[in-house]
>>> print(open('input34.cif').read())   # mmCIF, C-alpha atoms
data_input
loop_
_atom_site.label_atom_id
_atom_site.label_comp_id
_atom_site.auth_asym_id
_atom_site.auth_seq_id
_atom_site.Cartn_x
_atom_site.Cartn_y
_atom_site.Cartn_z
CA MET A 12 6.24 10.44 1.44
CA TRP A 13 4.82 6.90 1.13
CA THR A 14 5.81 4.35 3.80
CA ALA A 15 4.81 0.70 4.22
CA ASP A 16 3.28 1.30 7.64
CA SER A 17 0.52 3.29 5.92
CA LEU A 18 -0.74 0.18 4.09
CA ASN A 19 -4.33 -0.91 4.55
CA PHE A 20 -5.64 -4.44 4.01
CA GLY A 21 -8.89 -6.02 2.93
CA ALA A 22 -10.56 -8.74 0.89
CA PHE A 23 -12.04 -8.77 -2.60
CA LEU A 24 -14.93 -11.20 -3.18
CA ALA A 25 -16.23 -11.70 -6.71
CA PRO A 26 -17.33 -13.99 -5.04
CA PHE A 27 -16.02 -17.21 -6.59
CA HIS A 28 -17.81 -20.38 -5.46
CA PRO A 29 -17.86 -24.01 -6.67
CA LEU A 30 -20.99 -25.02 -8.60
CA ASP A 31 -21.65 -28.13 -6.49
CA ALA A 32 -22.78 -26.49 -3.22
CA ASP A 33 -25.88 -24.66 -2.00
CA PRO A 34 -25.72 -20.98 -3.07
CA ALA A 35 -27.85 -19.96 -0.09
CA LEU A 36 -25.21 -21.40 2.26
CA GLN A 37 -22.39 -19.90 0.20
CA LEU A 38 -23.93 -16.44 0.56
CA ARG A 39 -24.34 -16.92 4.31
CA ARG A 40 -20.69 -17.94 4.57
CA ASP A 41 -19.69 -14.79 2.70
CA LEU A 42 -21.65 -12.74 5.21
CA ASP A 43 -20.00 -14.67 8.05
CA LEU A 44 -16.65 -13.78 6.48
CA MET A 45 -17.54 -10.07 6.61
CA GLU A 46 -18.05 -10.37 10.37
CA HIS A 47 -14.75 -12.23 10.72
CA LEU A 48 -12.84 -9.60 8.74
CA ASP A 49 -14.40 -6.83 10.81
CA HIS A 50 -13.43 -8.63 14.03
CA LEU A 51 -9.84 -9.09 12.81
CA GLY A 52 -9.44 -5.40 11.96
CA PHE A 53 -9.34 -5.49 8.17
CA GLU A 54 -10.13 -2.08 6.69
CA GLU A 55 -12.13 -3.04 3.59
CA ALA A 56 -14.21 -5.73 1.87
CA TRP A 57 -15.21 -5.53 -1.79
CA ILE A 58 -18.12 -7.37 -3.40
CA GLY A 59 -18.52 -7.95 -7.13
CA GLU A 60 -21.47 -7.84 -9.53
CA HIS A 61 -22.04 -10.73 -11.95
CA HIS A 62 -25.10 -12.15 -13.68
CA SER A 63 -24.00 -15.37 -15.39
CA THR A 64 -21.59 -18.33 -15.72
CA GLY A 65 -22.44 -19.77 -12.32
CA ALA A 66 -19.44 -19.26 -10.04
CA GLU A 67 -19.70 -15.55 -9.18
CA ILE A 68 -23.02 -15.45 -7.40
CA VAL A 69 -23.72 -11.86 -6.29
CA PRO A 70 -25.74 -9.91 -8.89
CA ALA A 71 -26.49 -7.05 -6.46
CA PRO A 72 -23.48 -6.00 -4.35
CA ASP A 73 -25.45 -3.19 -2.71
CA GLN A 74 -27.94 -5.69 -1.29
CA PHE A 75 -25.12 -7.85 0.04
CA ILE A 76 -23.36 -4.85 1.57
CA ALA A 77 -26.58 -3.67 3.25
CA ALA A 78 -26.84 -7.04 5.01
CA ALA A 79 -23.13 -7.17 5.85
CA ALA A 80 -23.15 -3.64 7.26
CA GLU A 81 -25.76 -4.64 9.85
CA ARG A 82 -23.45 -7.41 11.06
CA THR A 83 -20.31 -5.27 11.28
CA SER A 84 -19.27 -2.00 12.91
CA ARG A 85 -16.16 -0.53 11.31
CA ILE A 86 -15.10 -2.20 8.05
CA ARG A 87 -15.69 -0.25 4.82
CA PHE A 88 -17.39 -1.89 1.84
CA GLY A 89 -16.65 -1.41 -1.84
CA THR A 90 -18.75 -2.40 -4.82
CA GLY A 91 -16.29 -4.48 -6.74
CA VAL A 92 -17.50 -3.31 -9.14
CA VAL A 93 -20.83 -1.87 -10.28
CA SER A 94 -20.94 -2.57 -14.02
CA LEU A 95 -22.07 0.88 -15.10
CA PRO A 96 -23.40 -0.02 -18.60
CA TYR A 97 -25.95 -2.34 -16.98
CA HIS A 98 -27.70 0.44 -15.02
CA HIS A 99 -29.29 3.84 -15.58
CA PRO A 100 -26.96 6.39 -13.91
CA LEU A 101 -29.69 7.93 -11.74
CA ILE A 102 -30.61 4.50 -10.35
CA THR A 103 -26.94 3.79 -9.62
CA VAL A 104 -26.63 7.07 -7.70
CA ASP A 105 -29.89 6.61 -5.79
CA ARG A 106 -28.97 3.09 -4.68
CA ILE A 107 -25.43 3.99 -3.62
CA THR A 108 -26.46 7.12 -1.69
CA GLN A 109 -29.13 5.15 0.17
CA LEU A 110 -26.51 2.53 1.01
CA ASP A 111 -24.06 5.24 2.06
CA LEU A 112 -26.60 6.66 4.50
CA GLN A 113 -27.57 3.23 5.85
CA THR A 114 -23.93 2.35 6.51
CA ARG A 115 -23.11 5.86 7.79
CA GLY A 116 -20.43 6.48 5.24
CA ARG A 117 -18.83 3.02 5.01
CA VAL A 118 -19.27 2.66 1.24
CA VAL A 119 -16.88 3.03 -1.69
CA LEU A 120 -18.35 3.09 -5.20
CA GLY A 121 -16.19 0.84 -7.36
CA THR A 122 -17.02 1.12 -11.06
CA GLY A 123 -16.20 -0.83 -14.18
CA PRO A 124 -17.46 -1.59 -17.69
CA GLY A 125 -18.63 -5.16 -16.94
CA LYS A 126 -16.48 -8.26 -17.28
CA ILE A 127 -18.41 -11.37 -18.29
CA PRO A 128 -19.37 -11.44 -22.00
CA LEU A 129 -22.53 -13.46 -21.32
CA ASP A 130 -23.79 -10.74 -18.96
CA ALA A 131 -23.59 -8.19 -21.78
CA ARG A 132 -25.08 -10.57 -24.35
CA MET A 133 -28.14 -11.29 -22.21
CA MET A 134 -28.77 -7.54 -21.95
CA GLY A 135 -28.15 -6.89 -25.63
CA ILE A 136 -25.02 -4.83 -24.96
CA ASP A 137 -22.17 -4.83 -27.45
CA PRO A 138 -18.96 -5.58 -25.49
CA ALA A 139 -17.08 -3.22 -27.80
CA GLU A 140 -19.21 -0.35 -26.46
CA GLN A 141 -18.95 -1.09 -22.74
CA ARG A 142 -15.95 1.11 -21.98
CA ARG A 143 -17.50 4.04 -23.81
CA MET A 144 -20.71 3.48 -21.85
CA GLN A 145 -18.78 3.35 -18.58
CA GLY A 146 -17.25 6.74 -19.34
CA GLU A 147 -20.63 8.25 -20.25
CA ALA A 148 -22.20 6.89 -17.08
CA LEU A 149 -19.46 8.48 -14.98
CA GLU A 150 -20.07 11.84 -16.69
CA ALA A 151 -23.59 11.69 -15.23
CA ILE A 152 -22.92 9.91 -11.92
CA LEU A 153 -20.21 12.22 -10.57
CA PRO A 154 -22.22 15.48 -10.80
CA LEU A 155 -25.31 13.68 -9.49
CA LEU A 156 -23.31 12.57 -6.44
CA ARG A 157 -22.31 16.20 -5.93
CA GLY A 158 -25.99 17.17 -5.82
CA GLU A 159 -25.95 18.89 -9.19
CA LEU A 160 -28.76 19.09 -11.76
CA VAL A 161 -27.92 16.96 -14.81
CA ASN A 162 -29.29 17.01 -18.34
CA MET A 163 -27.70 14.46 -20.62
CA GLU A 164 -28.73 12.21 -23.50
CA THR A 165 -26.87 9.26 -25.01
CA ASP A 166 -27.91 6.32 -27.15
CA TRP A 167 -28.64 4.30 -24.01
CA PHE A 168 -29.87 6.70 -21.29
CA THR A 169 -31.52 10.09 -20.88
CA LEU A 170 -31.45 12.48 -17.92
CA ARG A 171 -33.85 15.43 -17.84
CA ASP A 172 -33.45 17.85 -14.94
CA ALA A 173 -32.19 14.89 -12.96
CA ARG A 174 -31.10 15.29 -9.36
CA ALA A 175 -30.34 12.78 -6.60
CA GLN A 176 -32.73 13.52 -3.75
CA LEU A 177 -30.54 11.91 -1.07
CA PRO A 178 -27.27 13.45 0.15
CA THR A 179 -24.09 11.55 0.83
CA TYR A 180 -23.41 10.80 4.50
CA ASP A 181 -20.15 12.73 4.41
CA PRO A 182 -20.51 16.20 2.84
CA ALA A 183 -17.16 15.55 1.11
CA GLY A 184 -18.91 12.80 -0.88
CA ILE A 185 -18.42 9.10 -1.61
CA GLU A 186 -15.07 7.79 -2.79
CA VAL A 187 -15.42 6.59 -6.40
CA VAL A 188 -12.99 4.08 -7.90
CA ALA A 189 -12.26 2.95 -11.46
CA ALA A 190 -11.16 -0.64 -12.03
CA SER A 191 -8.07 -1.35 -14.11
CA THR A 192 -6.57 -4.59 -15.37
CA ILE A 193 -3.81 -4.48 -17.97
CA SER A 194 -4.95 -1.90 -20.52
CA PRO A 195 -4.61 1.83 -19.70
CA ASN A 196 -8.37 2.43 -19.98
CA GLY A 197 -9.02 2.35 -16.22
CA SER A 198 -6.04 4.59 -15.49
CA VAL A 199 -7.15 7.17 -18.07
CA LEU A 200 -10.71 7.17 -16.77
CA ALA A 201 -9.59 7.49 -13.15
CA GLY A 202 -7.11 10.25 -13.93
CA ARG A 203 -9.56 12.25 -16.03
CA ASN A 204 -12.28 12.17 -13.35
CA GLY A 205 -10.15 12.32 -10.21
CA LEU A 206 -11.10 8.81 -9.11
CA SER A 207 -9.19 6.25 -7.07
CA LEU A 208 -7.58 3.32 -8.90
CA LEU A 209 -8.19 -0.42 -8.42
CA SER A 210 -5.69 -2.79 -10.10
CA LEU A 211 -7.51 -6.11 -10.35
CA ALA A 212 -4.77 -8.07 -12.15
CA ALA A 213 -1.85 -6.85 -10.04
CA SER A 214 -0.42 -10.30 -9.40
CA SER A 215 -0.67 -11.82 -12.88
CA PRO A 216 2.57 -11.60 -14.89
CA SER A 217 1.13 -9.18 -17.46
CA GLY A 218 -0.79 -7.19 -14.85
CA PHE A 219 2.29 -7.00 -12.61
CA ASP A 220 4.39 -5.71 -15.50
CA ALA A 221 1.75 -3.07 -16.30
CA LEU A 222 1.52 -1.63 -12.77
CA GLY A 223 4.21 1.00 -13.15
CA ARG A 224 3.12 1.98 -16.66
CA ASN A 225 -0.54 2.31 -15.67
CA TRP A 226 0.35 4.41 -12.61
CA GLU A 227 2.40 6.77 -14.77
CA ILE A 228 -0.56 7.16 -17.14
CA TYR A 229 -2.86 7.77 -14.19
CA GLU A 230 -0.52 10.44 -12.77
CA LYS A 231 -0.13 12.16 -16.14
CA VAL A 232 -3.83 12.24 -17.00
CA ALA A 233 -4.77 13.32 -13.47
CA ALA A 234 -2.35 16.26 -13.63
CA GLU A 235 -3.69 17.29 -17.04
CA HIS A 236 -7.20 17.50 -15.54
CA GLY A 237 -6.26 19.23 -12.31
CA HIS A 238 -6.35 16.17 -10.05
CA VAL A 239 -3.73 14.70 -7.72
CA ALA A 240 -2.79 11.03 -8.07
CA ASP A 241 -2.57 9.82 -4.48
CA ARG A 242 -0.92 6.43 -3.85
CA ALA A 243 -3.04 6.05 -0.71
CA ARG A 244 -6.04 5.64 -3.04
CA TRP A 245 -4.45 2.87 -5.15
CA ARG A 246 -5.68 -0.66 -4.40
CA LEU A 247 -4.03 -3.88 -5.61
CA VAL A 248 -5.64 -7.34 -5.68
CA ASN A 249 -3.74 -10.60 -5.08
CA PRO A 250 -5.12 -14.09 -4.29
CA MET A 251 -3.75 -15.55 -1.05
CA PHE A 252 -4.48 -18.51 1.19
CA LEU A 253 -2.38 -19.03 4.30
CA ALA A 254 -1.67 -21.75 6.84
CA GLU A 255 1.05 -22.55 9.37
CA THR A 256 3.03 -24.44 6.72
CA GLN A 257 2.94 -24.69 2.95
CA ALA A 258 1.90 -28.33 3.26
CA ASP A 259 -1.04 -27.32 5.49
CA ALA A 260 -2.14 -24.69 2.95
CA GLU A 261 -2.00 -27.20 0.11
CA ARG A 262 -3.97 -29.74 2.13
CA ALA A 263 -6.65 -27.17 2.93
CA VAL A 264 -7.32 -26.18 -0.70
CA ARG A 265 -6.77 -29.56 -2.34
CA ARG A 266 -10.42 -30.69 -2.34
CA ARG A 267 -11.95 -27.59 -3.99
CA ILE A 268 -9.21 -25.88 -5.96
CA GLN A 269 -9.85 -27.96 -9.09
CA ALA A 270 -13.46 -26.79 -9.20
CA MET A 271 -12.35 -23.17 -9.28
CA ALA A 272 -9.72 -23.88 -11.93
CA SER A 273 -12.34 -25.68 -14.00
CA TYR A 274 -14.56 -22.58 -13.90
CA ALA A 275 -11.81 -20.37 -15.31
CA ASN A 276 -10.71 -22.95 -17.88
CA ARG A 277 -14.25 -23.55 -19.16
CA GLN A 278 -14.77 -19.82 -19.65
CA ALA A 279 -11.55 -19.68 -21.65
CA GLY A 280 -12.40 -22.85 -23.60
CA ARG A 281 -9.30 -24.77 -22.58
CA SER A 282 -8.39 -28.05 -20.88
CA PRO A 283 -4.74 -27.75 -19.82
CA GLU A 284 -2.81 -30.67 -18.41
CA TRP A 285 -2.01 -28.74 -15.25
CA GLY A 286 -5.74 -28.66 -14.44
CA GLU A 287 -6.00 -32.45 -14.21
CA THR A 288 -4.79 -32.71 -10.60
CA PRO A 289 -5.10 -30.50 -7.51
CA GLN A 290 -1.31 -30.25 -7.21
CA GLY A 291 -1.09 -29.23 -10.85
CA VAL A 292 -3.52 -26.36 -10.23
CA ILE A 293 -1.71 -25.29 -7.05
CA ASP A 294 1.67 -25.22 -8.81
CA HIS A 295 0.25 -23.33 -11.80
CA TRP A 296 -1.55 -20.74 -9.71
CA ARG A 297 1.67 -20.06 -7.84
CA ARG A 298 3.71 -19.75 -11.00
CA ASP A 299 1.57 -18.33 -13.79
CA SER A 300 -1.44 -16.17 -14.54
CA LEU A 301 -4.77 -17.97 -14.68
CA GLY A 302 -6.60 -14.98 -16.10
CA GLU A 303 -9.32 -14.98 -13.46
CA PHE A 304 -7.06 -15.21 -10.45
CA GLY A 305 -3.53 -14.15 -11.24
CA GLN A 306 -0.54 -15.48 -9.37
CA ALA A 307 -1.56 -16.86 -5.98
CA VAL A 308 0.14 -17.26 -2.63
CA ILE A 309 -0.84 -20.66 -1.25
CA GLY A 310 1.45 -21.02 1.70
CA THR A 311 2.65 -19.21 4.80
CA PRO A 312 2.54 -15.67 6.22
CA ASP A 313 6.22 -15.26 5.31
CA GLN A 314 5.38 -16.01 1.68
CA ALA A 315 2.56 -13.45 1.78
CA ILE A 316 4.96 -10.86 3.20
CA ALA A 317 7.46 -11.59 0.42
CA GLN A 318 4.79 -11.15 -2.26
CA ILE A 319 3.55 -7.84 -0.81
CA GLU A 320 7.14 -6.58 -0.64
CA ARG A 321 7.51 -7.56 -4.29
CA LEU A 322 4.42 -5.51 -5.14
CA ILE A 323 5.77 -2.55 -3.14
CA GLU A 324 9.06 -2.71 -5.02
CA GLN A 325 7.25 -2.85 -8.38
CA THR A 326 4.85 0.00 -7.63
CA ARG A 327 6.98 2.16 -5.30
CA GLY A 328 4.00 2.25 -2.97
CA PHE A 329 0.24 1.78 -2.92
CA GLY A 330 -2.58 2.23 -0.43
CA THR A 331 -4.43 -1.06 0.08
CA LEU A 332 -3.74 -4.75 -0.55
CA LEU A 333 -6.95 -6.68 -1.19
CA ILE A 334 -6.82 -10.47 -0.84
CA LEU A 335 -8.74 -12.03 -3.72
CA HIS A 336 -11.01 -14.44 -1.87
CA VAL A 337 -11.62 -17.76 -3.63
CA ASP A 338 -13.88 -20.32 -1.94
CA MET A 339 -11.48 -23.25 -2.01
CA ALA A 340 -11.25 -24.44 1.61
CA ASN A 341 -13.54 -25.35 4.50
CA TRP A 342 -14.78 -22.63 6.83
CA GLU A 343 -12.36 -23.29 9.68
CA ASP A 344 -9.31 -23.26 7.41
CA THR A 345 -10.62 -20.14 5.66
CA LYS A 346 -11.01 -18.29 8.95
CA ARG A 347 -7.54 -19.41 10.02
CA SER A 348 -6.04 -18.05 6.80
CA TYR A 349 -7.34 -14.55 7.54
CA GLU A 350 -6.34 -14.84 11.21
CA LEU A 351 -2.76 -15.62 10.20
CA PHE A 352 -2.73 -12.69 7.81
CA ALA A 353 -4.08 -10.31 10.45
CA SER A 354 -1.82 -11.57 13.24
CA GLU A 355 1.46 -11.96 11.34
CA VAL A 356 1.39 -10.18 7.97
CA VAL A 357 -0.31 -6.91 8.93
CA PRO A 358 1.96 -6.19 11.96
CA HIS A 359 5.02 -6.73 9.77
CA PHE A 360 4.08 -3.80 7.56
CA ARG A 361 2.46 -1.62 10.20
CA GLY A 362 5.48 -1.81 12.50
CA ARG A 363 3.22 -2.52 15.44
CA ASN A 364 5.85 -4.51 17.30
CA ARG A 365 8.80 -2.16 16.90
CA ASN A 366 8.60 -0.88 20.47
CA ARG A 367 8.13 -4.36 21.90
CA GLN A 368 11.15 -5.60 19.97
CA ALA A 369 13.19 -2.56 21.01
CA SER A 370 12.26 -3.13 24.64
CA LEU A 371 13.43 -6.73 24.54
CA GLN A 372 16.61 -5.73 22.69
CA TYR A 373 17.40 -3.10 25.32
CA ALA A 374 16.90 -5.64 28.10
CA GLU A 375 19.23 -8.05 26.30
CA ASP A 376 21.88 -5.41 25.62
CA HIS A 377 21.86 -4.18 29.24
CA ARG A 378 21.35 -7.54 30.90
CA GLU A 379 24.33 -7.37 33.26
CA GLN A 380 23.46 -3.87 34.45
CA LEU A 381 19.77 -4.72 34.88
CA ILE A 382 20.39 -8.03 36.63
CA GLY A 383 22.96 -6.35 38.85
CA SER A 384 20.43 -3.68 39.83
CA LEU A 385 17.86 -6.36 40.56
CA ALA A 386 20.33 -8.30 42.74
CA GLY A 387 21.23 -5.11 44.59
CA ALA A 388 17.57 -4.32 45.21
CA ILE A 389 16.99 -7.84 46.61
CA THR A 390 20.03 -7.52 48.88
CA LYS A 391 18.88 -4.13 50.16
CA ALA A 392 15.37 -5.37 50.84
CA HIS A 393 16.75 -8.35 52.80
CA THR A 394 19.16 -6.18 54.79
CA ASP A 395 16.50 -3.60 55.56
CA TYR A 396 14.26 -6.29 57.01
CA TYR A 397 16.65 -8.75 58.62
CA GLY A 398 19.65 -6.51 59.18
CA GLU A 399 21.99 -9.02 57.55
CA GLN A 400 23.12 -10.10 54.11
CA PRO A 401 21.14 -12.90 52.39
CA THR A 402 22.97 -16.17 51.97
CA GLY A 403 21.15 -17.40 48.87
CA ASN A 404 19.46 -16.09 45.75
CA GLY A 405 15.96 -15.84 47.20
CA ALA A 406 13.85 -12.74 46.75
#
>>> encode(input="input34.cif", output="C-alpha cells")
Amino acid sequence: MWTADSLNFGAFLAPFHPLDADPALQLRRDLDLMEHLDHLGFEEAWIGEHHSTGAEIVPAPDQFIAAAAERTSRIRFGTGVVSLPYHHPLITVDRITQLDLQTRGRVVLGTGPGKIPLDARMMGIDPAEQRRMQGEALEAILPLLRGELVNMETDWFTLRDARAQLPTYDPAGIEVVAASTISPNGSVLAGRNGLSLLSLAASSPSGFDALGRNWEIYEKVAAEHGHVADRARWRLVNPMFLAETQADAERAVRRRIQAMASYANRQAGRSPEWGETPQGVIDHWRRDSLGEFGQAVIGTPDQAIAQIERLIEQTRGFGTLLILHVDMANWEDTKRSYELFASEVVPHFRGRNRNRQASLQYAEDHREQLIGSLAGAITKAHTDYYGEQPTGNGA
C-alpha cells in the first residue's frame, strides 16, 4: 500500500536560463547545483535535451551527467529526456550503457518524442511523425538494452544483426521512463512497454486534471501487456522556489523571472499584460498554467507541502516529486531554496521527526512524574553525601 513516507524527491533541469548571461557560467552553476543536491540528500536530478530557442542550453544530457557524476556520490541522474527521433537507436543504447557503467548504475533513461518544433525542423523531421518514431525507437532500444540481437528496418533507421557490446551495470537493466504531458500517448507507450511514467505537466491546470485519467490508462494498458503499474515509478514535476517568507521568495526571483516568462511567451507568440511586470509574472505563475512551467510555488516550505499534498490527493500516490528548476534567482538564494526544501519539506513527508516529537510529547504529558523523580534523585544524592536533606533546589 502506498504511503507518503515512501516519497522521493529530486530536481528537473531543462535547464531554463536567461539569454543575457554567459552560458559557460550557467552550465557550471548547474553542475554546482548537482553537488548541492547530492549533499542535501535529494534522490534524483534530471537533465533535458534541447537544440534551439536559446533558453534550454543542454543538447547532450549524457555529457552533462558524466561530468556531474564525477562530482557526486549517491544521487541518480535521469535524461529528461532523450528525444528518441533525433538519434539512431543503437547510438542511444551505446551512449546510455557507457554512462551507466561510468556512474555505476546511477542512470535512468528518460525518453520522449522531442518537444521544440525548431529542433525537429532543423533536422528535417515532421513533428506529426515524432510520436510514431519514438515508439519505433523503443521497439529497438529495449531489446538492445537486454543484450538481444535486433534486426529492424523503418523509414528512418536500420538495424542489421545489431547488438550492444556493453552490458548494463546492474544485470536487472536500466530503468526506462516515458514522458507524458496531457495527452494519453506517454501513458500508452509506458504501459505497453513496461516503462516508468514521468508527468511533466503535473502542476498545470490541464495537466493536473489529466493525472488520474492518464494513470488509469497506464494501469489498463500495462495490465493488457503483462506489466505492473507501480506508483513508486511515477514521477511528477512541479516548479518551486522557496524562502523563509513569501516576500523573501518574491524578492529573490523578481530580477530574472520576467526573462523566463518572456522566453515562454515568445515561443507561444504572445505578449500578455501579466508579463509586463515581475509581480504580474509571479502572480500568474502561481495561479495559471504558463505552458512551459505550469503552476509554480513561489513562497514558503509550508506552501510547498500544501501543493505536494494536493498532488497526492489528486493522484492517490506517486513515487517522486521533481522540482522544475528555473534559473530565476542568484546562487545563494537558489541554494537556500533547496536547503529549505530538504530541511523542512522532505521530513514532513518522510516522518523523520515522529519519534522526536513523540519523545517531547511524552516528556510534556508526564512532566510532574518526571520532575518528581528528578527531585527525588537530587535529594537522595545530597542525603547520601551529606547525610542531611538539602535546603534549596541545587543539584
>>> residues_around(input="input34.cif", residues="Trp245 in chain A", least_positions_apart="4", cutoff="10 Å", atoms="all atoms listed in the file", output="PDB file with C-alpha atoms, in the coordinates of the input")
ATOM      1  CA  VAL A 188     -12.990   4.080  -7.900  1.00  0.00           C
ATOM      2  CA  LEU A 206     -11.100   8.810  -9.110  1.00  0.00           C
ATOM      3  CA  SER A 207      -9.190   6.250  -7.070  1.00  0.00           C
ATOM      4  CA  LEU A 208      -7.580   3.320  -8.900  1.00  0.00           C
ATOM      5  CA  LEU A 209      -8.190  -0.420  -8.420  1.00  0.00           C
ATOM      6  CA  SER A 210      -5.690  -2.790 -10.100  1.00  0.00           C
ATOM      7  CA  TRP A 226       0.350   4.410 -12.610  1.00  0.00           C
ATOM      8  CA  ALA A 240      -2.790  11.030  -8.070  1.00  0.00           C
ATOM      9  CA  ASP A 241      -2.570   9.820  -4.480  1.00  0.00           C
ATOM     10  CA  GLY A 328       4.000   2.250  -2.970  1.00  0.00           C
ATOM     11  CA  PHE A 329       0.240   1.780  -2.920  1.00  0.00           C
ATOM     12  CA  GLY A 330      -2.580   2.230  -0.430  1.00  0.00           C
ATOM     13  CA  THR A 331      -4.430  -1.060   0.080  1.00  0.00           C
ATOM     14  CA  LEU A 332      -3.740  -4.750  -0.550  1.00  0.00           C
TER      15      LEU A 332
END
>>> resolve_selection(input="input34.cif", expression="the PyMOL selection byres ((chain A and resi 215) around 7)", output="JSON, numbers by chain")
{"A": [212, 213, 214, 216, 217, 218, 219, 299, 300, 305, 306]}
>>> resolve_selection(input="input34.cif", expression="the PyMOL selection byres ((chain A and resi 169) around 12)", output="list in words")
His98, His99, Pro100, Leu101, Ile102, Glu147, Ala148, Ala151, Val161, Asn162, Met163, Glu164, Thr165, Asp166, Trp167, Phe168, Leu170, Arg171, Asp172 and Ala173 of chain A
>>> atom_distance(input="input34.cif", atom1="CA of Gln290 in chain A", atom2="CA of Thr345 in chain A")
18.8 Å
>>> resolve_selection(input="input34.cif", expression="the PyMOL selection byres ((chain A and resi 292) around 12)", output="ChimeraX atom specification")
/A:261,264-273,275-276,282-291,293-301,304,306-307,309,339
>>> closest_residue(input="input34.cif", among="A:Ala369, A:Ala386, A:Gly398, A:Pro250", to="Ile319 in chain A", atoms="all atoms listed in the file")
A:Pro250
>>> closest_residue(input="input34.cif", among="A:Gly197, A:Gly116, A:Gly158, A:Pro138", to="Tyr180 in chain A", atoms="only C-alpha atoms")
A:Gly116
>>> closest_residue(input="input34.cif", among="A:Lys346, A:Arg115, A:His28, A:His62", to="Tyr97 in chain A", atoms="only C-alpha atoms")
A:His62
>>> build_atoms(input="input34.cif", residues="range 88-101 of chain A", atoms="N, CA, C and O atoms", output="PDB file, in the frame of the given file")
ATOM      1  N   PHE A  88     -16.998  -0.985   2.912  1.00  0.00           N
ATOM      2  CA  PHE A  88     -17.390  -1.890   1.840  1.00  0.00           C
ATOM      3  C   PHE A  88     -17.281  -1.203   0.485  1.00  0.00           C
ATOM      4  O   PHE A  88     -17.718  -0.060   0.325  1.00  0.00           O
ATOM      5  N   GLY A  89     -16.729  -1.917  -0.477  1.00  0.00           N
ATOM      6  CA  GLY A  89     -16.650  -1.410  -1.840  1.00  0.00           C
ATOM      7  C   GLY A  89     -17.476  -2.266  -2.775  1.00  0.00           C
ATOM      8  O   GLY A  89     -17.567  -3.487  -2.600  1.00  0.00           O
ATOM      9  N   THR A  90     -18.110  -1.632  -3.749  1.00  0.00           N
ATOM     10  CA  THR A  90     -18.750  -2.400  -4.820  1.00  0.00           C
ATOM     11  C   THR A  90     -17.649  -2.764  -5.798  1.00  0.00           C
ATOM     12  O   THR A  90     -16.975  -1.901  -6.337  1.00  0.00           O
ATOM     13  N   GLY A  91     -17.480  -4.065  -6.007  1.00  0.00           N
ATOM     14  CA  GLY A  91     -16.290  -4.480  -6.740  1.00  0.00           C
ATOM     15  C   GLY A  91     -16.551  -5.299  -8.002  1.00  0.00           C
ATOM     16  O   GLY A  91     -16.198  -6.446  -8.020  1.00  0.00           O
ATOM     17  N   VAL A  92     -17.092  -4.711  -9.010  1.00  0.00           N
ATOM     18  CA  VAL A  92     -17.500  -3.310  -9.140  1.00  0.00           C
ATOM     19  C   VAL A  92     -18.945  -3.262  -9.655  1.00  0.00           C
ATOM     20  O   VAL A  92     -19.467  -4.278 -10.104  1.00  0.00           O
ATOM     21  N   VAL A  93     -19.565  -2.058  -9.584  1.00  0.00           N
ATOM     22  CA  VAL A  93     -20.830  -1.870 -10.280  1.00  0.00           C
ATOM     23  C   VAL A  93     -20.521  -1.749 -11.766  1.00  0.00           C
ATOM     24  O   VAL A  93     -19.717  -0.907 -12.184  1.00  0.00           O
ATOM     25  N   SER A  94     -21.139  -2.614 -12.564  1.00  0.00           N
ATOM     26  CA  SER A  94     -20.940  -2.570 -14.020  1.00  0.00           C
ATOM     27  C   SER A  94     -21.842  -1.477 -14.584  1.00  0.00           C
ATOM     28  O   SER A  94     -23.042  -1.680 -14.789  1.00  0.00           O
ATOM     29  N   LEU A  95     -21.272  -0.312 -14.806  1.00  0.00           N
ATOM     30  CA  LEU A  95     -22.070   0.880 -15.100  1.00  0.00           C
ATOM     31  C   LEU A  95     -22.948   0.752 -16.359  1.00  0.00           C
ATOM     32  O   LEU A  95     -24.070   1.281 -16.369  1.00  0.00           O
ATOM     33  N   PRO A  96     -22.523   0.083 -17.434  1.00  0.00           N
ATOM     34  CA  PRO A  96     -23.400  -0.020 -18.600  1.00  0.00           C
ATOM     35  C   PRO A  96     -24.687  -0.799 -18.359  1.00  0.00           C
ATOM     36  O   PRO A  96     -25.605  -0.745 -19.187  1.00  0.00           O
ATOM     37  N   TYR A  97     -24.771  -1.538 -17.254  1.00  0.00           N
ATOM     38  CA  TYR A  97     -25.950  -2.340 -16.980  1.00  0.00           C
ATOM     39  C   TYR A  97     -27.051  -1.545 -16.273  1.00  0.00           C
ATOM     40  O   TYR A  97     -28.144  -2.079 -16.055  1.00  0.00           O
ATOM     41  N   HIS A  98     -26.771  -0.292 -15.879  1.00  0.00           N
ATOM     42  CA  HIS A  98     -27.700   0.440 -15.020  1.00  0.00           C
ATOM     43  C   HIS A  98     -27.869   1.888 -15.495  1.00  0.00           C
ATOM     44  O   HIS A  98     -26.902   2.518 -15.936  1.00  0.00           O
ATOM     45  N   HIS A  99     -29.080   2.415 -15.343  1.00  0.00           N
ATOM     46  CA  HIS A  99     -29.290   3.840 -15.580  1.00  0.00           C
ATOM     47  C   HIS A  99     -28.527   4.614 -14.509  1.00  0.00           C
ATOM     48  O   HIS A  99     -28.585   4.280 -13.319  1.00  0.00           O
ATOM     49  N   PRO A 100     -27.789   5.672 -14.882  1.00  0.00           N
ATOM     50  CA  PRO A 100     -26.960   6.390 -13.910  1.00  0.00           C
ATOM     51  C   PRO A 100     -27.724   6.927 -12.697  1.00  0.00           C
ATOM     52  O   PRO A 100     -27.187   6.906 -11.574  1.00  0.00           O
ATOM     53  N   LEU A 101     -28.946   7.397 -12.873  1.00  0.00           N
ATOM     54  CA  LEU A 101     -29.690   7.930 -11.740  1.00  0.00           C
ATOM     55  C   LEU A 101     -30.008   6.818 -10.739  1.00  0.00           C
ATOM     56  O   LEU A 101     -29.942   7.026  -9.520  1.00  0.00           O
TER      57      LEU A 101
END
